[in-house]
file start00.pdb (PDB, C-alpha atoms and all ligand atoms)
ATOM      1  CA  MET U   9     149.623 111.656 -16.661
ATOM      2  CA  ALA U  10     147.787 113.726 -14.035
ATOM      3  CA  ARG U  11     148.804 113.064 -10.465
ATOM      4  CA  LEU U  12     146.252 112.383  -7.785
ATOM      5  CA  ASP U  13     148.578 113.276  -4.978
ATOM      6  CA  VAL U  14     146.423 115.578  -2.895
ATOM      7  CA  THR U  15     147.498 115.458   0.730
ATOM      8  CA  GLU U  16     145.029 115.289   3.610
ATOM      9  CA  MET U  17     146.502 116.450   6.915
ATOM     10  CA  PHE U  18     144.961 114.726   9.913
ATOM     11  CA  HIS U  19     146.261 115.055  13.498
ATOM     12  CA  GLY U  20     149.554 116.340  12.083
ATOM     13  CA  ILE U  21     150.046 113.326   9.776
ATOM     14  CA  SER U  22     149.770 113.481   5.988
ATOM     15  CA  PHE U  23     147.514 110.953   4.278
ATOM     16  CA  PRO U  24     146.896 110.481   0.558
ATOM     17  CA  GLY U  25     143.720 112.482  -0.063
ATOM     18  CA  HIS U  26     142.797 110.315  -3.024
ATOM     19  CA  LEU U  27     142.020 107.503  -0.565
ATOM     20  CA  HIS U  28     141.325 109.208   2.728
ATOM     21  CA  THR U  29     139.118 112.149   3.663
ATOM     22  CA  GLN U  30     138.744 113.976   6.983
ATOM     23  CA  ASP U  31     135.416 112.163   7.364
ATOM     24  CA  SER U  32     136.790 108.707   6.592
ATOM     25  CA  LEU U  33     139.727 109.213   8.969
ATOM     26  CA  GLN U  34     137.435 110.505  11.676
ATOM     27  CA  PHE U  35     135.101 107.560  11.100
ATOM     28  CA  ALA U  36     138.033 105.138  11.563
ATOM     29  CA  LEU U  37     138.910 106.644  14.931
ATOM     30  CA  LYS U  38     135.397 105.971  16.221
ATOM     31  CA  PHE U  39     134.899 102.606  14.557
ATOM     32  CA  PRO U  40     132.821 100.222  16.697
ATOM     33  CA  PHE U  41     134.995  97.117  16.607
ATOM     34  CA  GLN U  42     133.351  93.749  17.249
ATOM     35  CA  ASP U  43     135.108  91.225  19.482
ATOM     36  CA  SER U  44     135.330  88.823  16.547
ATOM     37  CA  ASP U  45     137.157  91.335  14.310
ATOM     38  CA  ILE U  46     140.687  90.683  13.097
ATOM     39  CA  LEU U  47     142.762  93.793  12.477
ATOM     40  CA  ILE U  48     145.917  93.735  10.354
ATOM     41  CA  VAL U  49     148.040  96.751  11.253
ATOM     42  CA  SER U  50     151.268  97.942   9.704
ATOM     43  CA  TYR U  51     153.305 100.901   8.568
ATOM     44  CA  PRO U  52     153.242 100.911   4.713
ATOM     45  CA  LYS U  53     155.552  98.497   2.898
ATOM     46  CA  SER U  54     156.008  96.221   5.889
ATOM     47  CA  GLY U  55     154.246  93.154   4.484
ATOM     48  CA  THR U  56     150.610  94.235   4.841
ATOM     49  CA  THR U  57     149.427  92.606   1.616
ATOM     50  CA  TRP U  58     151.330  89.453   2.489
ATOM     51  CA  MET U  59     149.566  89.233   5.852
ATOM     52  CA  GLN U  60     146.196  89.844   4.181
ATOM     53  CA  GLU U  61     146.918  86.853   1.960
ATOM     54  CA  ILE U  62     148.094  84.695   4.860
ATOM     55  CA  VAL U  63     145.024  85.459   6.972
ATOM     56  CA  SER U  64     142.671  84.830   4.025
ATOM     57  CA  LEU U  65     144.352  81.499   3.344
ATOM     58  CA  ILE U  66     144.331  80.452   7.008
ATOM     59  CA  PHE U  67     140.570  81.010   7.258
ATOM     60  CA  SER U  68     140.127  79.086   3.987
ATOM     61  CA  LYS U  69     142.280  76.224   5.357
ATOM     62  CA  GLY U  70     144.787  76.740   2.552
ATOM     63  CA  ASP U  71     142.179  76.714  -0.231
ATOM     64  CA  PRO U  72     143.161  79.549  -2.632
ATOM     65  CA  HIS U  73     139.707  79.976  -4.193
ATOM     66  CA  LEU U  74     138.890  83.216  -2.374
ATOM     67  CA  SER U  75     142.365  84.726  -2.728
ATOM     68  CA  GLN U  76     142.353  83.977  -6.444
ATOM     69  CA  ASN U  77     138.885  85.374  -7.086
ATOM     70  CA  VAL U  78     138.331  88.278  -4.709
ATOM     71  CA  PRO U  79     140.720  91.254  -4.546
ATOM     72  CA  ASN U  80     142.627  91.673  -1.297
ATOM     73  CA  TRP U  81     141.053  95.103  -0.691
ATOM     74  CA  ALA U  82     137.610  93.480  -0.658
ATOM     75  CA  ARG U  83     138.682  90.547   1.553
ATOM     76  CA  CYS U  84     140.499  92.725   4.070
ATOM     77  CA  PRO U  85     139.280  96.309   3.502
ATOM     78  CA  TRP U  86     141.176  99.389   4.703
ATOM     79  CA  LEU U  87     139.514 101.002   7.692
ATOM     80  CA  GLU U  88     140.554 104.577   6.891
ATOM     81  CA  GLN U  89     139.606 104.594   3.205
ATOM     82  CA  TYR U  90     136.511 106.546   2.216
ATOM     83  CA  TYR U  91     134.761 103.513   0.675
ATOM     84  CA  PHE U  92     135.462 101.221   3.664
ATOM     85  CA  SER U  93     131.865 100.815   4.889
ATOM     86  CA  GLU U  94     130.672  99.905   1.420
ATOM     87  CA  VAL U  95     133.374  97.269   0.965
ATOM     88  CA  LEU U  96     132.998  95.914   4.485
ATOM     89  CA  GLY U  97     129.272  95.476   3.904
ATOM     90  CA  SER U  98     129.922  93.210   0.925
ATOM     91  CA  SER U  99     132.953  91.488   2.457
ATOM     92  CA  PRO U 100     132.844  87.804   1.622
ATOM     93  CA  ARG U 101     133.407  86.262   5.020
ATOM     94  CA  ALA U 102     133.198  86.255   8.772
ATOM     95  CA  PRO U 103     135.089  87.059  10.909
ATOM     96  CA  ARG U 104     135.664  90.489   9.446
ATOM     97  CA  VAL U 105     139.300  91.077   8.542
ATOM     98  CA  ILE U 106     140.136  94.791   8.528
ATOM     99  CA  THR U 107     143.409  96.438   7.519
ATOM    100  CA  THR U 108     144.864  99.734   8.717
ATOM    101  CA  HIS U 109     148.015 101.834   8.611
ATOM    102  CA  LEU U 110     146.835 104.088  11.449
ATOM    103  CA  PRO U 111     149.260 104.626  14.329
ATOM    104  CA  TYR U 112     148.376 103.417  17.822
ATOM    105  CA  HIS U 113     148.055 106.889  19.316
ATOM    106  CA  LEU U 114     145.166 107.545  16.904
ATOM    107  CA  LEU U 115     143.435 104.160  16.731
ATOM    108  CA  GLY U 116     144.161 102.809  20.222
ATOM    109  CA  PRO U 117     141.171 104.502  21.906
ATOM    110  CA  ALA U 118     138.733 102.786  19.486
ATOM    111  CA  LEU U 119     140.112  99.405  20.601
ATOM    112  CA  VAL U 120     139.829  99.966  24.333
ATOM    113  CA  GLY U 121     137.470  97.376  25.820
ATOM    114  CA  SER U 122     137.342  95.398  22.581
ATOM    115  CA  LYS U 123     138.562  91.822  22.199
ATOM    116  CA  ALA U 124     139.269  92.347  18.489
ATOM    117  CA  ARG U 125     142.522  90.596  17.647
ATOM    118  CA  VAL U 126     145.338  92.663  16.178
ATOM    119  CA  ILE U 127     148.160  91.347  14.018
ATOM    120  CA  TYR U 128     150.917  93.940  13.897
ATOM    121  CA  VAL U 129     153.422  93.460  11.069
ATOM    122  CA  SER U 130     156.725  95.309  11.127
ATOM    123  CA  ARG U 131     159.744  95.231   8.843
ATOM    124  CA  ASN U 132     163.272  96.524   9.198
ATOM    125  CA  PRO U 133     162.986 100.236   8.447
ATOM    126  CA  LYS U 134     165.840 100.388   5.938
ATOM    127  CA  ASP U 135     163.981  97.963   3.664
ATOM    128  CA  VAL U 136     160.725  99.806   4.402
ATOM    129  CA  VAL U 137     162.119 103.131   3.205
ATOM    130  CA  VAL U 138     163.554 101.584   0.031
ATOM    131  CA  SER U 139     160.317  99.754  -0.758
ATOM    132  CA  PHE U 140     158.295 102.909  -0.027
ATOM    133  CA  TYR U 141     160.586 104.963  -2.284
ATOM    134  CA  HIS U 142     160.023 102.629  -5.232
ATOM    135  CA  PHE U 143     156.307 102.510  -4.469
ATOM    136  CA  HIS U 144     156.087 106.324  -4.578
ATOM    137  CA  LYS U 145     157.347 106.200  -8.155
ATOM    138  CA  MET U 146     154.494 103.998  -9.344
ATOM    139  CA  ALA U 147     151.698 105.149  -6.993
ATOM    140  CA  ASN U 148     150.273 108.353  -8.450
ATOM    141  CA  PHE U 149     148.196 108.963  -5.326
ATOM    142  CA  LEU U 150     151.373 109.578  -3.313
ATOM    143  CA  PRO U 151     153.542 112.712  -3.522
ATOM    144  CA  GLU U 152     156.538 112.762  -5.880
ATOM    145  CA  ALA U 153     159.335 110.574  -4.528
ATOM    146  CA  GLY U 154     162.088 113.104  -5.321
ATOM    147  CA  SER U 155     165.674 111.892  -4.960
ATOM    148  CA  PHE U 156     166.468 109.029  -2.602
ATOM    149  CA  PRO U 157     168.487 111.216  -0.167
ATOM    150  CA  GLU U 158     165.524 113.619   0.090
ATOM    151  CA  PHE U 159     163.104 110.763   0.530
ATOM    152  CA  LEU U 160     165.261 109.199   3.243
ATOM    153  CA  ASN U 161     165.266 112.491   5.144
ATOM    154  CA  ARG U 162     161.490 112.711   4.918
ATOM    155  CA  PHE U 163     161.241 109.157   6.250
ATOM    156  CA  LEU U 164     163.546 109.918   9.175
ATOM    157  CA  GLU U 165     161.676 113.167   9.935
ATOM    158  CA  GLY U 166     158.357 111.307   9.846
ATOM    159  CA  THR U 167     156.850 113.582   7.207
ATOM    160  CA  LEU U 168     155.978 110.920   4.620
ATOM    161  CA  SER U 169     152.372 109.742   4.238
ATOM    162  CA  TYR U 170     151.161 107.840   7.328
ATOM    163  CA  GLY U 171     153.680 109.612   9.534
ATOM    164  CA  SER U 172     156.684 108.391  11.471
ATOM    165  CA  TRP U 173     157.802 104.761  11.233
ATOM    166  CA  PHE U 174     159.366 105.115  14.685
ATOM    167  CA  ASP U 175     156.150 106.303  16.348
ATOM    168  CA  HIS U 176     154.157 103.638  14.530
ATOM    169  CA  VAL U 177     156.318 100.715  15.607
ATOM    170  CA  GLU U 178     156.894 101.952  19.129
ATOM    171  CA  GLY U 179     153.197 102.735  19.594
ATOM    172  CA  TRP U 180     151.888  99.342  18.533
ATOM    173  CA  THR U 181     154.658  97.086  19.849
ATOM    174  CA  SER U 182     154.544  98.689  23.296
ATOM    175  CA  GLN U 183     151.037  97.204  23.616
ATOM    176  CA  THR U 184     152.153  93.560  23.359
ATOM    177  CA  ALA U 185     153.020  93.331  27.058
ATOM    178  CA  SER U 186     149.584  94.469  28.215
ATOM    179  CA  THR U 187     147.324  92.414  25.955
ATOM    180  CA  ASN U 188     146.993  88.884  24.612
ATOM    181  CA  ASN U 189     144.980  90.245  21.728
ATOM    182  CA  LEU U 190     147.983  91.557  19.841
ATOM    183  CA  LEU U 191     150.406  89.451  17.852
ATOM    184  CA  HIS U 192     153.570  91.140  16.655
ATOM    185  CA  ILE U 193     155.172  89.418  13.705
ATOM    186  CA  THR U 194     157.928  90.652  11.440
ATOM    187  CA  TYR U 195     158.362  90.531   7.678
ATOM    188  CA  GLU U 196     161.735  88.922   8.266
ATOM    189  CA  GLU U 197     160.225  86.151  10.405
ATOM    190  CA  MET U 198     157.811  85.399   7.566
ATOM    191  CA  LEU U 199     160.520  85.471   4.938
ATOM    192  CA  LEU U 200     162.939  83.302   6.886
ATOM    193  CA  GLY U 201     160.317  80.759   7.984
ATOM    194  CA  LEU U 202     156.935  81.130   6.353
ATOM    195  CA  HIS U 203     155.703  77.741   7.550
ATOM    196  CA  GLY U 204     156.356  78.547  11.217
ATOM    197  CA  ALA U 205     155.015  82.084  10.837
ATOM    198  CA  ILE U 206     151.736  80.800   9.373
ATOM    199  CA  LYS U 207     151.378  78.337  12.254
ATOM    200  CA  ARG U 208     151.924  81.162  14.742
ATOM    201  CA  VAL U 209     149.263  83.299  13.061
ATOM    202  CA  SER U 210     146.799  80.398  12.780
ATOM    203  CA  SER U 211     147.234  79.603  16.450
ATOM    204  CA  PHE U 212     146.710  83.274  17.384
ATOM    205  CA  LEU U 213     143.539  83.271  15.272
ATOM    206  CA  LYS U 214     142.428  80.040  16.955
ATOM    207  CA  CYS U 215     142.102  78.456  13.549
ATOM    208  CA  PRO U 216     144.199  75.284  13.777
ATOM    209  CA  LEU U 217     145.435  73.814  10.505
ATOM    210  CA  LEU U 218     146.491  70.350   9.399
ATOM    211  CA  GLU U 219     150.032  70.057   8.057
ATOM    212  CA  ASP U 220     148.784  69.859   4.443
ATOM    213  CA  GLU U 221     146.694  72.965   4.990
ATOM    214  CA  VAL U 222     149.724  74.864   6.305
ATOM    215  CA  ASN U 223     151.689  73.706   3.262
ATOM    216  CA  ASN U 224     148.959  75.029   0.968
ATOM    217  CA  CYS U 225     148.965  78.364   2.777
ATOM    218  CA  VAL U 226     152.745  78.532   2.285
ATOM    219  CA  LYS U 227     152.437  77.697  -1.395
ATOM    220  CA  HIS U 228     149.772  80.283  -2.164
ATOM    221  CA  SER U 229     151.305  83.070  -0.097
ATOM    222  CA  SER U 230     154.793  82.676  -1.555
ATOM    223  CA  PHE U 231     156.225  85.695  -3.350
ATOM    224  CA  ASN U 232     155.955  83.943  -6.706
ATOM    225  CA  SER U 233     152.304  82.947  -6.273
ATOM    226  CA  MET U 234     151.343  86.415  -5.121
ATOM    227  CA  LYS U 235     153.322  88.127  -7.879
ATOM    228  CA  HIS U 236     151.228  86.282 -10.459
ATOM    229  CA  ASN U 237     147.891  86.611  -8.668
ATOM    230  CA  LYS U 238     146.090  89.669 -10.034
ATOM    231  CA  MET U 239     143.782  89.681  -6.997
ATOM    232  CA  VAL U 240     146.740  90.738  -4.892
ATOM    233  CA  ASN U 241     149.438  92.225  -7.154
ATOM    234  CA  TYR U 242     147.424  95.419  -7.767
ATOM    235  CA  THR U 243     147.512  95.110 -11.563
ATOM    236  CA  MET U 244     143.707  95.455 -11.516
ATOM    237  CA  VAL U 245     144.040  99.012 -10.214
ATOM    238  CA  ALA U 246     143.668 101.669 -12.947
ATOM    239  CA  GLN U 247     146.975 102.788 -14.426
ATOM    240  CA  GLU U 248     146.362 106.422 -13.503
ATOM    241  CA  ILE U 249     146.385 105.315  -9.856
ATOM    242  CA  MET U 250     149.207 102.773  -9.937
ATOM    243  CA  ASP U 251     151.454 102.922 -12.958
ATOM    244  CA  HIS U 252     152.824  99.435 -13.505
ATOM    245  CA  SER U 253     155.061 100.671 -16.309
ATOM    246  CA  LYS U 254     157.102 102.337 -13.536
ATOM    247  CA  GLY U 255     157.467  99.313 -11.268
ATOM    248  CA  SER U 256     155.714  96.350  -9.662
ATOM    249  CA  PHE U 257     153.888  96.273  -6.369
ATOM    250  CA  MET U 258     155.347  92.803  -5.809
ATOM    251  CA  ARG U 259     158.817  94.203  -6.408
ATOM    252  CA  LYS U 260     161.643  92.128  -4.874
ATOM    253  CA  GLY U 261     160.367  90.586  -1.661
ATOM    254  CA  LYS U 262     163.794  90.351  -0.012
ATOM    255  CA  ILE U 263     165.624  91.247   3.176
ATOM    256  CA  GLY U 264     168.539  93.659   2.780
ATOM    257  CA  ASP U 265     167.676  95.442  -0.485
ATOM    258  CA  TRP U 266     168.540  98.677   1.362
ATOM    259  CA  LYS U 267     172.209  97.822   0.745
ATOM    260  CA  ASN U 268     171.647  98.577  -2.941
ATOM    261  CA  MET U 269     170.466 102.120  -2.120
ATOM    262  CA  PHE U 270     172.173 103.348   1.050
ATOM    263  CA  THR U 271     175.600 104.954   0.975
ATOM    264  CA  GLU U 272     177.927 104.297   3.908
ATOM    265  CA  GLU U 273     177.179 107.810   5.262
ATOM    266  CA  GLN U 274     173.426 107.344   4.956
ATOM    267  CA  ASN U 275     173.712 104.040   6.783
ATOM    268  CA  GLN U 276     175.692 105.588   9.617
ATOM    269  CA  TYR U 277     173.287 108.512   9.863
ATOM    270  CA  PHE U 278     170.316 106.131   9.861
ATOM    271  CA  ASN U 279     171.875 103.929  12.563
ATOM    272  CA  ASN U 280     172.447 106.941  14.818
ATOM    273  CA  ILE U 281     168.861 108.113  14.479
ATOM    274  CA  PHE U 282     167.541 104.586  14.897
ATOM    275  CA  GLN U 283     169.510 104.093  18.109
ATOM    276  CA  SER U 284     168.396 107.339  19.634
ATOM    277  CA  LYS U 285     164.722 107.094  18.649
ATOM    278  CA  MET U 286     164.340 103.414  19.508
ATOM    279  CA  ARG U 287     166.303 103.368  22.762
ATOM    280  CA  ASP U 288     163.159 102.536  24.777
ATOM    281  CA  CYS U 289     161.927  99.902  22.337
ATOM    282  CA  ALA U 290     163.038  96.267  22.574
ATOM    283  CA  LEU U 291     162.838  95.743  18.820
ATOM    284  CA  GLU U 292     165.926  94.229  17.200
ATOM    285  CA  PRO U 293     165.364  94.260  13.460
ATOM    286  CA  VAL U 294     166.921  91.705  11.134
ATOM    287  CA  TRP U 295     168.828  93.857   8.635
ATOM    288  CA  GLU U 296     170.089  91.188   6.268
ATOM    289  CA  GLU U 297     169.514  87.606   5.311
TER     290      GLU U 297
HETATM  291  P1  LIG H 301     159.503  95.181  -1.775
HETATM  292  O1  LIG H 301     159.114  96.489  -2.386
HETATM  293  O2  LIG H 301     160.739  95.284  -0.938
HETATM  294  O3  LIG H 301     159.595  94.065  -2.771
HETATM  295  P2  LIG H 301     152.944  96.253   1.770
HETATM  296  O4  LIG H 301     152.001  95.197   1.369
HETATM  297  O5  LIG H 301     152.958  96.539   3.238
HETATM  298  O6  LIG H 301     152.780  97.482   0.933
HETATM  299  O7  LIG H 301     154.421  95.709   1.497
HETATM  300  C1  LIG H 301     154.893  95.510   0.182
HETATM  301  C2  LIG H 301     156.230  94.804   0.265
HETATM  302  O8  LIG H 301     156.009  93.441   0.679
HETATM  303  C3  LIG H 301     156.942  94.751  -1.088
HETATM  304  O9  LIG H 301     158.341  94.761  -0.765
HETATM  305  C4  LIG H 301     156.481  93.391  -1.592
HETATM  306  O10 LIG H 301     157.282  92.853  -2.608
HETATM  307  C5  LIG H 301     156.585  92.571  -0.302
HETATM  308  N1  LIG H 301     155.825  91.319  -0.348
HETATM  309  C6  LIG H 301     154.515  91.151  -0.611
HETATM  310  N2  LIG H 301     154.207  89.842  -0.617
HETATM  311  C7  LIG H 301     155.339  89.162  -0.346
HETATM  312  C8  LIG H 301     155.691  87.772  -0.241
HETATM  313  N3  LIG H 301     154.792  86.826  -0.428
HETATM  314  N4  LIG H 301     156.964  87.453   0.044
HETATM  315  C9  LIG H 301     157.893  88.417   0.231
HETATM  316  N5  LIG H 301     157.643  89.744   0.125
HETATM  317  C10 LIG H 301     156.376  90.112  -0.163
END

call {"tool": "encode", "arguments": {"input": "start00.pdb", "output": "structure tokens"}}
result
Amino acid sequence: MARLDVTEMFHGISFPGHLHTQDSLQFALKFPFQDSDILIVSYPKSGTTWMQEIVSLIFSKGDPHLSQNVPNWARCPWLEQYYFSEVLGSSPRAPRVITTHLPYHLLGPALVGSKARVIYVSRNPKDVVVSFYHFHKMANFLPEAGSFPEFLNRFLEGTLSYGSWFDHVEGWTSQTASTNNLLHITYEEMLLGLHGAIKRVSSFLKCPLLEDEVNNCVKHSSFNSMKHNKMVNYTMVAQEIMDHSKGSFMRKGKIGDWKNMFTEEQNQYFNNIFQSKMRDCALEPVWEE
């Protein structure tokens, strides 16, 4: 099957050219945010789709109608994709919920002076790299995954699509101290306590929920519900773009899967790089359940 993995270099970062063009990336950097906008931001494979589902359900007070009938990319369109404006225009609800993988050093200027609320989702980077590796095998719009050791090196060098995980997390999380408009939440917090995490997000969004409504949000954003919901499991995407014979988007949904891939040496090497690159960042990832 033909690959669609053309790379678009933008500000020194590689982006999948099948989804992003110079124009669409440039457009994102100048996007006129409205104060009512909600922005979901993450490095790939950190729980982006999960947060899209959670936010959709919170605004629907736990009613799954929208999440079961409208694809996630139409409910929470991707800012940097070339068809963003078209999708945003037909987006089913207000406030607008917009998703992005752009790093802070690129998107930050567009947010200056805006009261748009940002939900930043991060995940422990060992699970991110493993999830991203498996995703590369099924996503034909991304470059070949190669072997896991090679892929791990590319991740640590920051040369994978969307750039460096370290810069991404440091860039966005360093903003939490200076603004009330940014909520940082981790994949692990959601996995270990989805009920509490949903309440935290709903309170940040100023969309209070009754206990039953929270319970419904939990039910419909559980891994099992989402795995079987074609509006969010990406099975509606054409096979030449995402090849579901090579894996599932909703793959494992666990903390600590990295232990099945990392050798002891890779783990040590990773820990050393993590410690040196993140020495100025207060983040303490949860590595295992
Ligand atoms: P795994 O590949 O480790 O299973 P993103 O949406 O940022 O691309 O992240 C995808 C990752 O989030 C995948 O991780 C996917 O399984 C996981 N995920 C999505 N929804 C989830 C849920 N409801 N519960 C747990 N994990 C979820």

call {"tool": "residues_near_ligand", "arguments": {"input": "start00.pdb", "ligand": "ligand LIG 301 (chain H)", "cutoff": "10 Å", "atoms": "all atoms listed in the file", "output": "tab-separated table (two decimals) with C-alpha atoms, in the frame of the given file"}}
result
chain	number	residue	atom	x	y	z
U	49	VAL	CA	148.04	96.75	11.25
U	50	SER	CA	151.27	97.94	9.70
U	51	TYR	CA	153.30	100.90	8.57
U	52	PRO	CA	153.24	100.91	4.71
U	53	LYS	CA	155.55	98.50	2.90
U	54	SER	CA	156.01	96.22	5.89
U	55	GLY	CA	154.25	93.15	4.48
U	56	THR	CA	150.61	94.24	4.84
U	57	THR	CA	149.43	92.61	1.62
U	58	TRP	CA	151.33	89.45	2.49
U	59	MET	CA	149.57	89.23	5.85
U	60	GLN	CA	146.20	89.84	4.18
U	61	GLU	CA	146.92	86.85	1.96
U	62	ILE	CA	148.09	84.70	4.86
U	109	HIS	CA	148.01	101.83	8.61
U	129	VAL	CA	153.42	93.46	11.07
U	130	SER	CA	156.72	95.31	11.13
U	131	ARG	CA	159.74	95.23	8.84
U	134	LYS	CA	165.84	100.39	5.94
U	135	ASP	CA	163.98	97.96	3.66
U	136	VAL	CA	160.72	99.81	4.40
U	137	VAL	CA	162.12	103.13	3.20
U	138	VAL	CA	163.55	101.58	0.03
U	139	SER	CA	160.32	99.75	-0.76
U	140	PHE	CA	158.29	102.91	-0.03
U	141	TYR	CA	160.59	104.96	-2.28
U	142	HIS	CA	160.02	102.63	-5.23
U	143	PHE	CA	156.31	102.51	-4.47
U	195	TYR	CA	158.36	90.53	7.68
U	196	GLU	CA	161.74	88.92	8.27
U	198	MET	CA	157.81	85.40	7.57
U	199	LEU	CA	160.52	85.47	4.94
U	200	LEU	CA	162.94	83.30	6.89
U	202	LEU	CA	156.94	81.13	6.35
U	226	VAL	CA	152.74	78.53	2.28
U	227	LYS	CA	152.44	77.70	-1.40
U	228	HIS	CA	149.77	80.28	-2.16
U	229	SER	CA	151.30	83.07	-0.10
U	230	SER	CA	154.79	82.68	-1.56
U	231	PHE	CA	156.22	85.70	-3.35
U	232	ASN	CA	155.96	83.94	-6.71
U	233	SER	CA	152.30	82.95	-6.27
U	234	MET	CA	151.34	86.42	-5.12
U	235	LYS	CA	153.32	88.13	-7.88
U	240	VAL	CA	146.74	90.74	-4.89
U	241	ASN	CA	149.44	92.22	-7.15
U	255	GLY	CA	157.47	99.31	-11.27
U	256	SER	CA	155.71	96.35	-9.66
U	257	PHE	CA	153.89	96.27	-6.37
U	258	MET	CA	155.35	92.80	-5.81
U	259	ARG	CA	158.82	94.20	-6.41
U	260	LYS	CA	161.64	92.13	-4.87
U	261	GLY	CA	160.37	90.59	-1.66
U	262	LYS	CA	163.79	90.35	-0.01
U	263	ILE	CA	165.62	91.25	3.18
U	264	GLY	CA	168.54	93.66	2.78
U	265	ASP	CA	167.68	95.44	-0.48
U	266	TRP	CA	168.54	98.68	1.36

call {"tool": "closest_residue", "arguments": {"input": "start00.pdb", "among": "U:Ile127, U:Lys238, U:Asp13, U:Glu88", "to": "U:Gln30", "atoms": "all atoms listed in the file"}}
result
U:Glu88

call {"tool": "residues_around", "arguments": {"input": "start00.pdb", "residues": "stretch 185-192 of chain U", "least_positions_apart": "5", "cutoff": "6 Å", "atoms": "all atoms listed in the file", "output": "list in words"}}
result
Arg125, Val126, Ile127 and Tyr128 of chain U

call {"tool": "atom_distance", "arguments": {"input": "start00.pdb", "atom1": "atom CA of U:Pro103", "atom2": "atom CA of U:Lys214"}}
result
11.8 Å

call {"tool": "axis_aligned_box", "arguments": {"input": "start00.pdb", "around": "stretch 210-213 of chain U", "padding_each_side": "6 Å", "output": "lines of an AutoDock Vina configuration file"}}
result
center_x = 145.4
center_y = 81.4
center_z = 15.1
size_x = 15.7
size_y = 15.7
size_z = 16.6

call {"tool": "closest_residue", "arguments": {"input": "start00.pdb", "among": "U:Pro72, U:Pro85, U:Gly166, U:Gly179", "to": "U:Leu291", "atoms": "only C-alpha atoms"}}
result
U:Gly179

call {"tool": "resolve_selection", "arguments": {"input": "start00.pdb", "expression": "the PyMOL selection byres (((chain U and resi 165) around 12) and not hetatm)", "output": "PyMOL selection string"}}
result
chain U and resi 21+158-164+166-169+171-175+278+281-282+285

call {"tool": "atom_distance", "arguments": {"input": "start00.pdb", "atom1": "atom CA of U:Glu178", "atom2": "atom CA of U:Cys289"}}
result
6.3 Å

call {"tool": "atom_distance", "arguments": {"input": "start00.pdb", "atom1": "atom CA of U:Met250", "atom2": "atom CA of U:His144"}}
result
9.4 Å

call {"tool": "closest_residue", "arguments": {"input": "start00.pdb", "among": "U:Pro40, U:Val105, U:Leu65, U:Asn132", "to": "U:Trp81", "atoms": "only C-alpha atoms"}}
result
U:Val105

call {"tool": "closest_residue", "arguments": {"input": "start00.pdb", "among": "U:His203, U:His113, U:Lys145, U:Arg104", "to": "U:Asp43", "atoms": "all atoms listed in the file"}}
result
U:Arg104

call {"tool": "residues_around", "arguments": {"input": "start00.pdb", "residues": "U:Ala82", "least_positions_apart": "6", "cutoff": "9 Å", "atoms": "all atoms listed in the file", "output": "PyMOL selection string"}}
result
chain U and resi 95-96+98-100

call {"tool": "resolve_selection", "arguments": {"input": "start00.pdb", "expression": "the PyMOL selection byres (((chain U and resi 16-18) around 10) and not hetatm)", "output": "number ranges by chain"}}
result
U: 13-15, 19-30, 33-34, 169-170

call {"tool": "closest_residue", "arguments": {"input": "start00.pdb", "among": "U:Ser44, U:Asn148, U:Ser32, U:Gln247", "to": "U:Ser93", "atoms": "only C-alpha atoms"}}
result
U:Ser32

call {"tool": "residues_around", "arguments": {"input": "start00.pdb", "residues": "U:Lys38", "least_positions_apart": "2", "cutoff": "9 Å", "atoms": "only C-alpha atoms", "output": "ChimeraX atom specification"}}
result
/U:34-36,40-41,115,117-118
